Amino acid sequence: MSQDTEVDMKEVELNELEPEKQPMNAASGTTVAAASDAEKNGLVKIKVPDNEAEEAKFTGLSKEELLKVAGSPSWVRTRWVLLVLFWLGWLGMLAGAVVIIVQAPRCRQLPTQRWWQKGALYRIGDIQAFQAQEAGKLTGLTEHLDYVSTLKVKGIVLGPVHNNQKDDLAETNLQQIDPAFGSNKDFESLLQSAKKKSIRVILDLTPNYRGQNSWFLPTQVDTVDTQMQAALKFWLEAGVDGFQIRYVENLTNASTYLAKWQNITQNFGEDRLLIAGTDSSDLQQILKLLNSTEDLLLTSPYLSSAGFTKEHAKPLVTEYLNAAGNHWCSWSVSTTVEGGGPFAGSGCWEIEAVGSPVFLFLQLSQAGLLTSFVPASLLRLYQLLLFTLPGTPIFSYGDEIGLEAAALPGQPTEAPVMLWNESSFLNTSRPGSGSVSADMTVKGQDGIPGSLLSLFRQLSGLRSKERALLHGDFHALSSGTGLFSYVRQWDQNNRFLVVLNFGNVRVPATLEADSLPSSASLPAKAELLLSTEPGRKEGVSLELQQLNLEPNEGLLFSFPSVA
């Protein structure tokens, strides 16, 4: 086609040309390139038919046309139908929401809990043995707070660490740290470090803890009282979160003095704790002490038993819980030490009970260890038991790794050295300095799935965050010979089933829920959270009516609430 006949063509110039396609400037004295050359340098001709350009135009409906269509009877009816349907749907959803709210079960009001009710307490009676150092001081204890924090405990019960000359009141200073353990400044540093890690500190202020009588002579009781009142105020100002005072049965007019000391503690703050300990198992004596003042926590060997195993477990626990009623409880295993001193003599191992009009405690005495009462095969089962009973579990250092007490024949019991690693015994002259295998130490168990330390941390974490374990109801089940089982529940939160086999043989768990209230009924299946024995696959759903437990095995199940 010739250029003269291309009258219907439109020429489009590409303004944004690639650098290599830009027209080159002609040199001086040369002629401008021809039109054909210019086309090669960026000019493109395309054909756009006029009829296609006209067909692409669309102007839409005019205003008059839109108003005419919108006002037609069919569109008016459609709009009214849609409007009615919208409001009917909205009212239907509103009515449904109201019905759901009305018919939904009411949430139970959460009880007010204090810090010691929200997790376990960890007793460090001998800071030198805990550090595995003969010259261990408070500064060294500060360095171990990171480890204590990994146990997810809420507080430590420390000492006694005050300056006490045996049976010498004049040379005993309840406001001064014994130089063997450090200084007051070291203790204040410990308090600050513990506070940063959300660990509370309870200080044992038993006055004459190195002597024959923890309260000196009966004729000196008023002087002791004066020193105690001053010491309580002094340490509360320093930042201590509570106190433990033991062997109050040896204190003349104990009820009167306990009332004074409790008032000082509570007046400083409601979150301050006072624990009193007695070796008396006489119920009337215990009640007399409990009635001396409100909110007093009293440790006692009330639940002493020759065998807290098999058929004895359920009646001992349920009997005490029934007697406690709505009172707060806590549990542990303990020993009663003869002679007044924390490590004096030998004693019989007992279950210790603590009670008050508001709180009840079971606690370890200073020399007590779980291994001293519980066979090695039952250590895991007892950890599961203590962490899941209603109340606060209290452990002694080393319970988390199965630490064993050691004593020479005919010699007083000494606090065992904490086994941080295989060389822990090398820094001490305490008895029991034989060979230590790695799996007996903190280092050997740390991070190892299935270790006693891992189980302790797992249970402690559950205890501190699950409402059913924090303050849930307790319902015991009938489950067969040698078994102890119970349900923990709180409102609409996840519920827990605990099944414990104290026996040495494999037995079926015949769980009977007839005695349970309707709100605590058992499901057909439940998720297995953990087993105290290896071999069980955790995280699976098991048929509860076809459940068999291995010897000395404990199982923890979780299941949702039923609306």
# chains A, B, ... in the order shown; residues from 1 in each chain; ligands from 1
call {"tool": "residues_around", "arguments": {"residues": "Leu528 in chain A", "least_positions_apart": "4", "cutoff": "10 Å", "atoms": "only C-alpha atoms", "output": "compact mmCIF listing (two decimals) with all heavy atoms, in the first residue's frame"}}
result
# COMPACT_ATOMS: atom_id res chain seq x y z
N PHE A 496 -9.07 -32.67 85.27
CA PHE A 496 -7.96 -33.61 85.38
C PHE A 496 -8.38 -34.84 86.18
O PHE A 496 -9.06 -34.73 87.20
CB PHE A 496 -6.75 -32.94 86.05
CG PHE A 496 -6.18 -31.81 85.25
CD1 PHE A 496 -6.64 -30.51 85.42
CD2 PHE A 496 -5.20 -32.05 84.30
CE1 PHE A 496 -6.13 -29.48 84.67
CE2 PHE A 496 -4.68 -31.01 83.54
CZ PHE A 496 -5.14 -29.73 83.73
N LEU A 497 -7.94 -35.98 85.68
CA LEU A 497 -8.15 -37.25 86.36
C LEU A 497 -6.78 -37.81 86.74
O LEU A 497 -5.88 -37.91 85.90
CB LEU A 497 -8.88 -38.24 85.45
CG LEU A 497 -8.91 -39.71 85.90
CD1 LEU A 497 -9.71 -39.87 87.19
CD2 LEU A 497 -9.47 -40.60 84.79
N ARG A 536 4.68 -45.43 78.04
CA ARG A 536 3.36 -44.94 77.66
C ARG A 536 3.50 -43.83 76.62
O ARG A 536 4.35 -42.95 76.75
CB ARG A 536 2.63 -44.37 78.86
CG ARG A 536 2.22 -45.38 79.90
CD ARG A 536 0.83 -45.89 79.66
NE ARG A 536 0.36 -46.67 80.80
CZ ARG A 536 -0.81 -47.30 80.82
NH1 ARG A 536 -1.61 -47.22 79.78
NH2 ARG A 536 -1.17 -48.01 81.89
N LYS A 537 2.68 -43.87 75.59
CA LYS A 537 2.65 -42.80 74.60
C LYS A 537 1.73 -41.70 75.11
O LYS A 537 0.53 -41.91 75.32
CB LYS A 537 2.16 -43.32 73.25
CG LYS A 537 2.22 -42.27 72.15
CD LYS A 537 1.78 -42.85 70.82
CE LYS A 537 1.85 -41.77 69.73
NZ LYS A 537 1.43 -42.29 68.40
N GLU A 538 2.30 -40.55 75.35
CA GLU A 538 1.55 -39.43 75.91
C GLU A 538 0.89 -38.61 74.80
O GLU A 538 1.31 -38.65 73.65
CB GLU A 538 2.47 -38.54 76.75
CG GLU A 538 3.08 -39.29 77.93
CD GLU A 538 4.08 -38.45 78.70
OE1 GLU A 538 4.39 -37.34 78.25
OE2 GLU A 538 4.57 -38.92 79.76
N GLY A 539 -0.18 -37.91 75.16
CA GLY A 539 -0.90 -37.10 74.19
C GLY A 539 -1.93 -37.86 73.40
O GLY A 539 -2.51 -37.31 72.44
N VAL A 540 -2.20 -39.11 73.76
CA VAL A 540 -3.19 -39.92 73.05
C VAL A 540 -4.44 -40.05 73.91
O VAL A 540 -4.41 -39.87 75.12
CB VAL A 540 -2.62 -41.31 72.71
CG1 VAL A 540 -1.42 -41.19 71.79
CG2 VAL A 540 -2.25 -42.07 73.98
N SER A 541 -5.54 -40.40 73.27
CA SER A 541 -6.80 -40.58 73.97
C SER A 541 -6.97 -42.06 74.33
O SER A 541 -6.82 -42.93 73.47
CB SER A 541 -7.97 -40.11 73.09
OG SER A 541 -9.20 -40.23 73.77
N LEU A 542 -7.28 -42.33 75.61
CA LEU A 542 -7.40 -43.70 76.08
C LEU A 542 -8.80 -43.98 76.61
O LEU A 542 -9.44 -43.09 77.17
CB LEU A 542 -6.37 -43.98 77.19
CG LEU A 542 -4.89 -43.88 76.83
CD1 LEU A 542 -4.04 -44.22 78.05
CD2 LEU A 542 -4.55 -44.78 75.66
N LEU A 555 -0.92 -41.94 86.54
CA LEU A 555 -1.36 -41.37 85.27
C LEU A 555 -2.11 -40.07 85.51
O LEU A 555 -2.89 -39.96 86.46
CB LEU A 555 -2.27 -42.35 84.52
CG LEU A 555 -1.68 -43.72 84.16
CD1 LEU A 555 -2.73 -44.58 83.49
CD2 LEU A 555 -0.45 -43.58 83.28
N LEU A 556 -1.88 -39.12 84.62
CA LEU A 556 -2.59 -37.84 84.68
C LEU A 556 -3.30 -37.63 83.35
O LEU A 556 -2.66 -37.58 82.29
CB LEU A 556 -1.62 -36.68 84.94
CG LEU A 556 -2.23 -35.28 84.95
CD1 LEU A 556 -3.26 -35.14 86.07
CD2 LEU A 556 -1.16 -34.21 85.08
N PHE A 557 -4.63 -37.53 83.42
CA PHE A 557 -5.46 -37.34 82.23
C PHE A 557 -6.06 -35.94 82.25
O PHE A 557 -6.27 -35.34 83.32
CB PHE A 557 -6.60 -38.36 82.18
CG PHE A 557 -6.17 -39.78 81.98
CD1 PHE A 557 -5.92 -40.61 83.06
CD2 PHE A 557 -6.02 -40.29 80.69
CE1 PHE A 557 -5.53 -41.91 82.88
CE2 PHE A 557 -5.63 -41.61 80.51
CZ PHE A 557 -5.38 -42.42 81.60
N SER A 558 -6.39 -35.46 81.05
CA SER A 558 -7.09 -34.19 80.91
C SER A 558 -8.30 -34.40 80.00
O SER A 558 -8.22 -35.15 79.01
CB SER A 558 -6.17 -33.12 80.30
OG SER A 558 -6.88 -31.93 80.03
N PHE A 559 -9.41 -33.75 80.33
CA PHE A 559 -10.59 -33.83 79.49
C PHE A 559 -11.40 -32.55 79.66
O PHE A 559 -11.36 -31.90 80.71
CB PHE A 559 -11.44 -35.06 79.81
CG PHE A 559 -11.92 -35.15 81.23
CD1 PHE A 559 -13.18 -34.68 81.59
CD2 PHE A 559 -11.12 -35.72 82.22
CE1 PHE A 559 -13.63 -34.76 82.90
CE2 PHE A 559 -11.56 -35.81 83.52
CZ PHE A 559 -12.81 -35.33 83.87
call {"tool": "residues_around", "arguments": {"residues": "Asp491 in chain A", "least_positions_apart": "5", "cutoff": "9 Å", "atoms": "only C-alpha atoms", "output": "PyMOL selection string"}}
result
chain A and resi 106-108+467-468+472+519+561
call {"tool": "residues_around", "arguments": {"residues": "range 151-159 of chain A", "least_positions_apart": "3", "cutoff": "9 Å", "atoms": "only C-alpha atoms", "output": "PyMOL selection string"}}
result
chain A and resi 115-127+147-148+162+194+198-205+241-244+366+400+453+456-458+460-461+464
call {"tool": "write_last_selection", "arguments": {"atoms": "C-alpha atoms", "output": "mmCIF file, in the first residue's frame"}}
result
data_model
loop_
_atom_site.group_PDB
_atom_site.id
_atom_site.type_symbol
_atom_site.label_atom_id
_atom_site.label_comp_id
_atom_site.auth_asym_id
_atom_site.auth_seq_id
_atom_site.Cartn_x
_atom_site.Cartn_y
_atom_site.Cartn_z
ATOM 1 C CA TRP A 115 0.923 -16.004 96.212
ATOM 2 C CA TRP A 116 1.690 -19.127 98.274
ATOM 3 C CA GLN A 117 -1.519 -20.730 96.995
ATOM 4 C CA LYS A 118 -0.468 -20.432 93.352
ATOM 5 C CA GLY A 119 2.449 -22.841 93.300
ATOM 6 C CA ALA A 120 4.925 -24.900 95.271
ATOM 7 C CA LEU A 121 7.290 -23.787 98.028
ATOM 8 C CA TYR A 122 10.920 -24.929 98.026
ATOM 9 C CA ARG A 123 12.746 -25.382 101.304
ATOM 10 C CA ILE A 124 16.482 -24.611 101.585
ATOM 11 C CA GLY A 125 17.265 -25.309 105.218
ATOM 12 C CA ASP A 126 21.041 -25.599 104.859
ATOM 13 C CA ILE A 127 22.437 -23.165 102.297
ATOM 14 C CA TYR A 147 17.886 -22.804 88.745
ATOM 15 C CA VAL A 148 15.195 -22.338 91.395
ATOM 16 C CA HIS A 162 20.548 -15.671 111.893
ATOM 17 C CA ALA A 194 14.738 -13.176 94.177
ATOM 18 C CA SER A 198 9.316 -13.426 91.111
ATOM 19 C CA ILE A 199 10.539 -15.739 93.891
ATOM 20 C CA ARG A 200 9.276 -14.986 97.405
ATOM 21 C CA VAL A 201 11.516 -15.497 100.435
ATOM 22 C CA ILE A 202 10.247 -16.934 103.748
ATOM 23 C CA LEU A 203 12.781 -16.672 106.561
ATOM 24 C CA ASP A 204 12.987 -19.267 109.328
ATOM 25 C CA LEU A 205 13.332 -17.361 112.621
ATOM 26 C CA ASP A 241 7.706 -12.168 102.456
ATOM 27 C CA GLY A 242 7.068 -14.315 105.511
ATOM 28 C CA PHE A 243 8.426 -16.315 108.414
ATOM 29 C CA GLN A 244 8.575 -19.843 109.668
ATOM 30 C CA GLN A 366 14.280 -29.112 107.740
ATOM 31 C CA GLU A 400 13.227 -32.767 92.337
ATOM 32 C CA LEU A 453 13.666 -33.313 87.245
ATOM 33 C CA PHE A 456 8.933 -32.076 88.526
ATOM 34 C CA ARG A 457 9.110 -29.063 86.215
ATOM 35 C CA GLN A 458 6.224 -30.286 84.078
ATOM 36 C CA SER A 460 4.983 -27.578 88.719
ATOM 37 C CA GLY A 461 4.091 -25.708 85.530
ATOM 38 C CA SER A 464 0.736 -22.951 88.657
#
call {"tool": "select_by_dssp", "arguments": {"residues": "range 101-186 of chain A", "states": "helix (DSSP H, G or I)", "output": "list of chain:residue names"}}
result
A:Ile101, A:Val102, A:Gln103, A:Trp115, A:Trp116, A:Gln117, A:Ile127, A:Gln128, A:Ala129, A:Phe130, A:Gln131, A:Leu138, A:Thr139, A:Gly140, A:Leu141, A:Thr142, A:Glu143, A:Leu145, A:Asp146, A:Tyr147, A:Val148, A:Ser149, A:Thr150, A:Asn184, A:Lys185, A:Asp186
call {"tool": "write_last_selection", "arguments": {"atoms": "N, CA, C and O atoms", "output": "CSV table (one decimal), in the first residue's frame"}}
result
chain,number,residue,atom,x,y,z
A,101,ILE,N,-26.9,-16.4,75.9
A,101,ILE,CA,-26.4,-15.8,77.1
A,101,ILE,C,-27.3,-16.3,78.3
A,101,ILE,O,-26.7,-16.6,79.4
A,102,VAL,N,-28.6,-16.3,78.1
A,102,VAL,CA,-29.4,-16.7,79.2
A,102,VAL,C,-29.3,-18.2,79.6
A,102,VAL,O,-29.2,-18.6,80.7
A,103,GLN,N,-29.1,-19.0,78.6
A,103,GLN,CA,-29.1,-20.5,78.8
A,103,GLN,C,-27.7,-21.0,79.2
A,103,GLN,O,-27.5,-22.1,79.7
A,115,TRP,N,-0.2,-15.5,97.0
A,115,TRP,CA,0.9,-16.0,96.2
A,115,TRP,C,1.3,-17.4,96.6
A,115,TRP,O,1.7,-18.2,95.7
A,116,TRP,N,1.3,-17.8,97.9
A,116,TRP,CA,1.7,-19.1,98.3
A,116,TRP,C,0.7,-20.2,97.9
A,116,TRP,O,0.9,-21.4,98.1
A,117,GLN,N,-0.5,-19.8,97.4
A,117,GLN,CA,-1.5,-20.7,97.0
A,117,GLN,C,-1.4,-21.0,95.5
A,117,GLN,O,-2.1,-21.9,95.0
A,127,ILE,N,22.0,-23.8,103.5
A,127,ILE,CA,22.4,-23.2,102.3
A,127,ILE,C,23.8,-23.7,101.9
A,127,ILE,O,24.1,-23.6,100.7
A,128,GLN,N,24.6,-24.2,102.8
A,128,GLN,CA,25.9,-24.7,102.5
A,128,GLN,C,25.8,-26.1,101.8
A,128,GLN,O,26.4,-26.3,100.8
A,129,ALA,N,24.9,-26.9,102.3
A,129,ALA,CA,24.7,-28.2,101.7
A,129,ALA,C,24.0,-28.0,100.3
A,129,ALA,O,24.3,-28.7,99.4
A,130,PHE,N,23.1,-27.0,100.2
A,130,PHE,CA,22.4,-26.8,98.9
A,130,PHE,C,23.4,-26.4,97.9
A,130,PHE,O,23.3,-26.7,96.7
A,131,GLN,N,24.4,-25.6,98.3
A,131,GLN,CA,25.4,-25.1,97.3
A,131,GLN,C,26.6,-26.2,97.1
A,131,GLN,O,27.4,-26.0,96.2
A,138,LEU,N,25.4,-16.7,101.4
A,138,LEU,CA,24.2,-16.2,100.7
A,138,LEU,C,24.5,-15.7,99.3
A,138,LEU,O,23.6,-15.8,98.4
A,139,THR,N,25.7,-15.2,99.1
A,139,THR,CA,26.1,-14.7,97.7
A,139,THR,C,26.1,-15.9,96.7
A,139,THR,O,25.6,-15.7,95.6
A,140,GLY,N,26.5,-17.1,97.2
A,140,GLY,CA,26.4,-18.2,96.3
A,140,GLY,C,25.0,-18.7,96.1
A,140,GLY,O,24.7,-19.2,95.0
A,141,LEU,N,24.2,-18.6,97.1
A,141,LEU,CA,22.8,-18.9,96.9
A,141,LEU,C,22.1,-18.1,95.8
A,141,LEU,O,21.3,-18.5,95.0
A,142,THR,N,22.5,-16.8,95.8
A,142,THR,CA,21.9,-15.9,94.8
A,142,THR,C,22.2,-16.4,93.4
A,142,THR,O,21.4,-16.3,92.5
A,143,GLU,N,23.4,-17.0,93.2
A,143,GLU,CA,23.8,-17.5,91.9
A,143,GLU,C,22.9,-18.7,91.5
A,143,GLU,O,22.9,-19.0,90.3
A,145,LEU,N,19.6,-18.9,92.0
A,145,LEU,CA,18.2,-18.5,91.8
A,145,LEU,C,17.7,-18.8,90.4
A,145,LEU,O,16.5,-19.1,90.3
A,146,ASP,N,18.5,-18.7,89.4
A,146,ASP,CA,18.1,-19.1,88.1
A,146,ASP,C,17.6,-20.5,88.0
A,146,ASP,O,16.6,-20.8,87.4
A,147,TYR,N,18.3,-21.4,88.7
A,147,TYR,CA,17.9,-22.8,88.7
A,147,TYR,C,16.6,-22.9,89.5
A,147,TYR,O,15.6,-23.6,89.0
A,148,VAL,N,16.4,-22.3,90.6
A,148,VAL,CA,15.2,-22.3,91.4
A,148,VAL,C,14.0,-21.8,90.5
A,148,VAL,O,12.9,-22.4,90.6
A,149,SER,N,14.3,-20.8,89.7
A,149,SER,CA,13.2,-20.3,88.9
A,149,SER,C,12.8,-21.3,87.9
A,149,SER,O,11.6,-21.3,87.5
A,150,THR,N,13.6,-22.1,87.4
A,150,THR,CA,13.2,-23.1,86.4
A,150,THR,C,12.3,-24.2,87.0
A,150,THR,O,11.6,-24.9,86.3
A,184,ASN,N,24.2,-9.0,106.4
A,184,ASN,CA,22.9,-8.5,106.2
A,184,ASN,C,22.8,-7.9,104.8
A,184,ASN,O,21.7,-8.1,104.1
A,185,LYS,N,23.9,-7.3,104.3
A,185,LYS,CA,23.9,-6.8,103.0
A,185,LYS,C,23.8,-7.9,101.9
A,185,LYS,O,23.1,-7.7,100.9
A,186,ASP,N,24.4,-9.0,102.2
A,186,ASP,CA,24.3,-10.2,101.3
A,186,ASP,C,22.8,-10.7,101.2
A,186,ASP,O,22.3,-11.0,100.2
call {"tool": "select_by_dssp", "arguments": {"residues": "range 93-146 of chain A", "states": "strand (DSSP E)", "output": "list of chain:residue names"}}
result
A:Leu121, A:Tyr122, A:Arg123, A:Ile124
call {"tool": "write_last_selection", "arguments": {"atoms": "C-alpha atoms", "output": "PDB file, in the first residue's frame"}}
result
ATOM      1  CA  LEU A 121       7.290 -23.787  98.028  1.00  0.00           C
ATOM      2  CA  TYR A 122      10.920 -24.929  98.026  1.00  0.00           C
ATOM      3  CA  ARG A 123      12.746 -25.382 101.304  1.00  0.00           C
ATOM      4  CA  ILE A 124      16.482 -24.611 101.585  1.00  0.00           C
TER       5      ILE A 124
END
call {"tool": "closest_residue", "arguments": {"among": "A:Leu379, A:Gln227, A:Leu452, A:His475", "to": "Asn322 in chain A", "atoms": "only C-alpha atoms"}}
result
A:His475
call {"tool": "atom_distance", "arguments": {"atom1": "CA of Asp514 in chain A", "atom2": "CA of Arg488 in chain A"}}
result
15.9 Å
call {"tool": "atom_distance", "arguments": {"atom1": "CA of Lys137 in chain A", "atom2": "CA of Val442 in chain A"}}
result
20.1 Å
call {"tool": "atom_distance", "arguments": {"atom1": "CA of Asn263 in chain A", "atom2": "CA of Thr293 in chain A"}}
result
8.5 Å
call {"tool": "decode", "arguments": {"residues": "range 460-470 of chain A", "atoms": "all heavy atoms", "output": "PDB file, in the first residue's frame"}}
result
ATOM      1  N   SER A 460       4.989 -28.895  88.081  1.00  0.00           N
ATOM      2  CA  SER A 460       4.983 -27.578  88.719  1.00  0.00           C
ATOM      3  C   SER A 460       4.379 -26.530  87.786  1.00  0.00           C
ATOM      4  O   SER A 460       3.634 -25.643  88.229  1.00  0.00           O
ATOM      5  CB  SER A 460       6.406 -27.182  89.118  1.00  0.00           C
ATOM      6  OG  SER A 460       6.421 -25.982  89.850  1.00  0.00           O
ATOM      7  N   GLY A 461       4.684 -26.629  86.493  1.00  0.00           N
ATOM      8  CA  GLY A 461       4.091 -25.708  85.530  1.00  0.00           C
ATOM      9  C   GLY A 461       2.588 -25.862  85.430  1.00  0.00           C
ATOM     10  O   GLY A 461       1.845 -24.867  85.382  1.00  0.00           O
ATOM     11  N   LEU A 462       2.111 -27.110  85.392  1.00  0.00           N
ATOM     12  CA  LEU A 462       0.665 -27.342  85.345  1.00  0.00           C
ATOM     13  C   LEU A 462      -0.008 -26.831  86.605  1.00  0.00           C
ATOM     14  O   LEU A 462      -1.078 -26.205  86.540  1.00  0.00           O
ATOM     15  CB  LEU A 462       0.384 -28.838  85.177  1.00  0.00           C
ATOM     16  CG  LEU A 462       0.663 -29.453  83.805  1.00  0.00           C
ATOM     17  CD1 LEU A 462       0.520 -30.969  83.876  1.00  0.00           C
ATOM     18  CD2 LEU A 462      -0.281 -28.881  82.753  1.00  0.00           C
ATOM     19  N   ARG A 463       0.613 -27.081  87.759  1.00  0.00           N
ATOM     20  CA  ARG A 463       0.030 -26.673  89.035  1.00  0.00           C
ATOM     21  C   ARG A 463      -0.133 -25.164  89.135  1.00  0.00           C
ATOM     22  O   ARG A 463      -1.073 -24.660  89.766  1.00  0.00           O
ATOM     23  CB  ARG A 463       0.918 -27.192  90.172  1.00  0.00           C
ATOM     24  CG  ARG A 463       0.577 -26.682  91.561  1.00  0.00           C
ATOM     25  CD  ARG A 463      -0.817 -27.057  92.007  1.00  0.00           C
ATOM     26  NE  ARG A 463      -1.127 -26.520  93.306  1.00  0.00           N
ATOM     27  CZ  ARG A 463      -1.462 -25.253  93.556  1.00  0.00           C
ATOM     28  NH1 ARG A 463      -1.506 -24.380  92.570  1.00  0.00           N
ATOM     29  NH2 ARG A 463      -1.749 -24.857  94.773  1.00  0.00           N
ATOM     30  N   SER A 464       0.752 -24.403  88.512  1.00  0.00           N
ATOM     31  CA  SER A 464       0.736 -22.951  88.657  1.00  0.00           C
ATOM     32  C   SER A 464      -0.134 -22.239  87.632  1.00  0.00           C
ATOM     33  O   SER A 464      -0.349 -21.029  87.748  1.00  0.00           O
ATOM     34  CB  SER A 464       2.167 -22.399  88.562  1.00  0.00           C
ATOM     35  OG  SER A 464       2.733 -22.677  87.294  1.00  0.00           O
ATOM     36  N   LYS A 465      -0.651 -22.968  86.625  1.00  0.00           N
ATOM     37  CA  LYS A 465      -1.431 -22.279  85.594  1.00  0.00           C
ATOM     38  C   LYS A 465      -2.830 -22.847  85.358  1.00  0.00           C
ATOM     39  O   LYS A 465      -3.690 -22.141  84.827  1.00  0.00           O
ATOM     40  CB  LYS A 465      -0.660 -22.275  84.269  1.00  0.00           C
ATOM     41  CG  LYS A 465      -0.537 -23.620  83.596  1.00  0.00           C
ATOM     42  CD  LYS A 465       0.240 -23.518  82.292  1.00  0.00           C
ATOM     43  CE  LYS A 465       0.346 -24.862  81.588  1.00  0.00           C
ATOM     44  NZ  LYS A 465       1.104 -24.761  80.328  1.00  0.00           N
ATOM     45  N   GLU A 466      -3.074 -24.100  85.720  1.00  0.00           N
ATOM     46  CA  GLU A 466      -4.383 -24.705  85.472  1.00  0.00           C
ATOM     47  C   GLU A 466      -5.325 -24.414  86.637  1.00  0.00           C
ATOM     48  O   GLU A 466      -5.025 -24.729  87.780  1.00  0.00           O
ATOM     49  CB  GLU A 466      -4.248 -26.215  85.278  1.00  0.00           C
ATOM     50  CG  GLU A 466      -3.487 -26.616  84.018  1.00  0.00           C
ATOM     51  CD  GLU A 466      -4.284 -26.333  82.763  1.00  0.00           C
ATOM     52  OE1 GLU A 466      -5.512 -26.061  82.862  1.00  0.00           O
ATOM     53  OE2 GLU A 466      -3.696 -26.387  81.665  1.00  0.00           O
ATOM     54  N   ARG A 467      -6.480 -23.827  86.328  1.00  0.00           N
ATOM     55  CA  ARG A 467      -7.410 -23.444  87.386  1.00  0.00           C
ATOM     56  C   ARG A 467      -7.929 -24.649  88.165  1.00  0.00           C
ATOM     57  O   ARG A 467      -8.173 -24.552  89.368  1.00  0.00           O
ATOM     58  CB  ARG A 467      -8.577 -22.654  86.789  1.00  0.00           C
ATOM     59  CG  ARG A 467      -8.187 -21.260  86.319  1.00  0.00           C
ATOM     60  CD  ARG A 467      -9.377 -20.496  85.784  1.00  0.00           C
ATOM     61  NE  ARG A 467      -9.001 -19.138  85.418  1.00  0.00           N
ATOM     62  CZ  ARG A 467      -9.825 -18.265  84.851  1.00  0.00           C
ATOM     63  NH1 ARG A 467     -11.085 -18.613  84.590  1.00  0.00           N
ATOM     64  NH2 ARG A 467      -9.418 -17.043  84.546  1.00  0.00           N
ATOM     65  N   ALA A 468      -8.120 -25.754  87.488  1.00  0.00           N
ATOM     66  CA  ALA A 468      -8.613 -26.938  88.194  1.00  0.00           C
ATOM     67  C   ALA A 468      -7.624 -27.401  89.255  1.00  0.00           C
ATOM     68  O   ALA A 468      -8.028 -27.926  90.300  1.00  0.00           O
ATOM     69  CB  ALA A 468      -8.882 -28.064  87.197  1.00  0.00           C
ATOM     70  N   LEU A 469      -6.329 -27.218  89.005  1.00  0.00           N
ATOM     71  CA  LEU A 469      -5.313 -27.607  89.984  1.00  0.00           C
ATOM     72  C   LEU A 469      -5.016 -26.482  90.960  1.00  0.00           C
ATOM     73  O   LEU A 469      -4.572 -26.740  92.083  1.00  0.00           O
ATOM     74  CB  LEU A 469      -4.023 -28.018  89.260  1.00  0.00           C
ATOM     75  CG  LEU A 469      -4.148 -29.228  88.326  1.00  0.00           C
ATOM     76  CD1 LEU A 469      -2.818 -29.507  87.649  1.00  0.00           C
ATOM     77  CD2 LEU A 469      -4.638 -30.455  89.078  1.00  0.00           C
ATOM     78  N   LEU A 470      -5.252 -25.243  90.561  1.00  0.00           N
ATOM     79  CA  LEU A 470      -5.013 -24.108  91.450  1.00  0.00           C
ATOM     80  C   LEU A 470      -6.029 -24.058  92.584  1.00  0.00           C
ATOM     81  O   LEU A 470      -5.669 -23.926  93.753  1.00  0.00           O
ATOM     82  CB  LEU A 470      -5.068 -22.799  90.660  1.00  0.00           C
ATOM     83  CG  LEU A 470      -3.804 -22.376  89.918  1.00  0.00           C
ATOM     84  CD1 LEU A 470      -4.114 -21.232  88.967  1.00  0.00           C
ATOM     85  CD2 LEU A 470      -2.722 -21.961  90.897  1.00  0.00           C
TER      86      LEU A 470
END
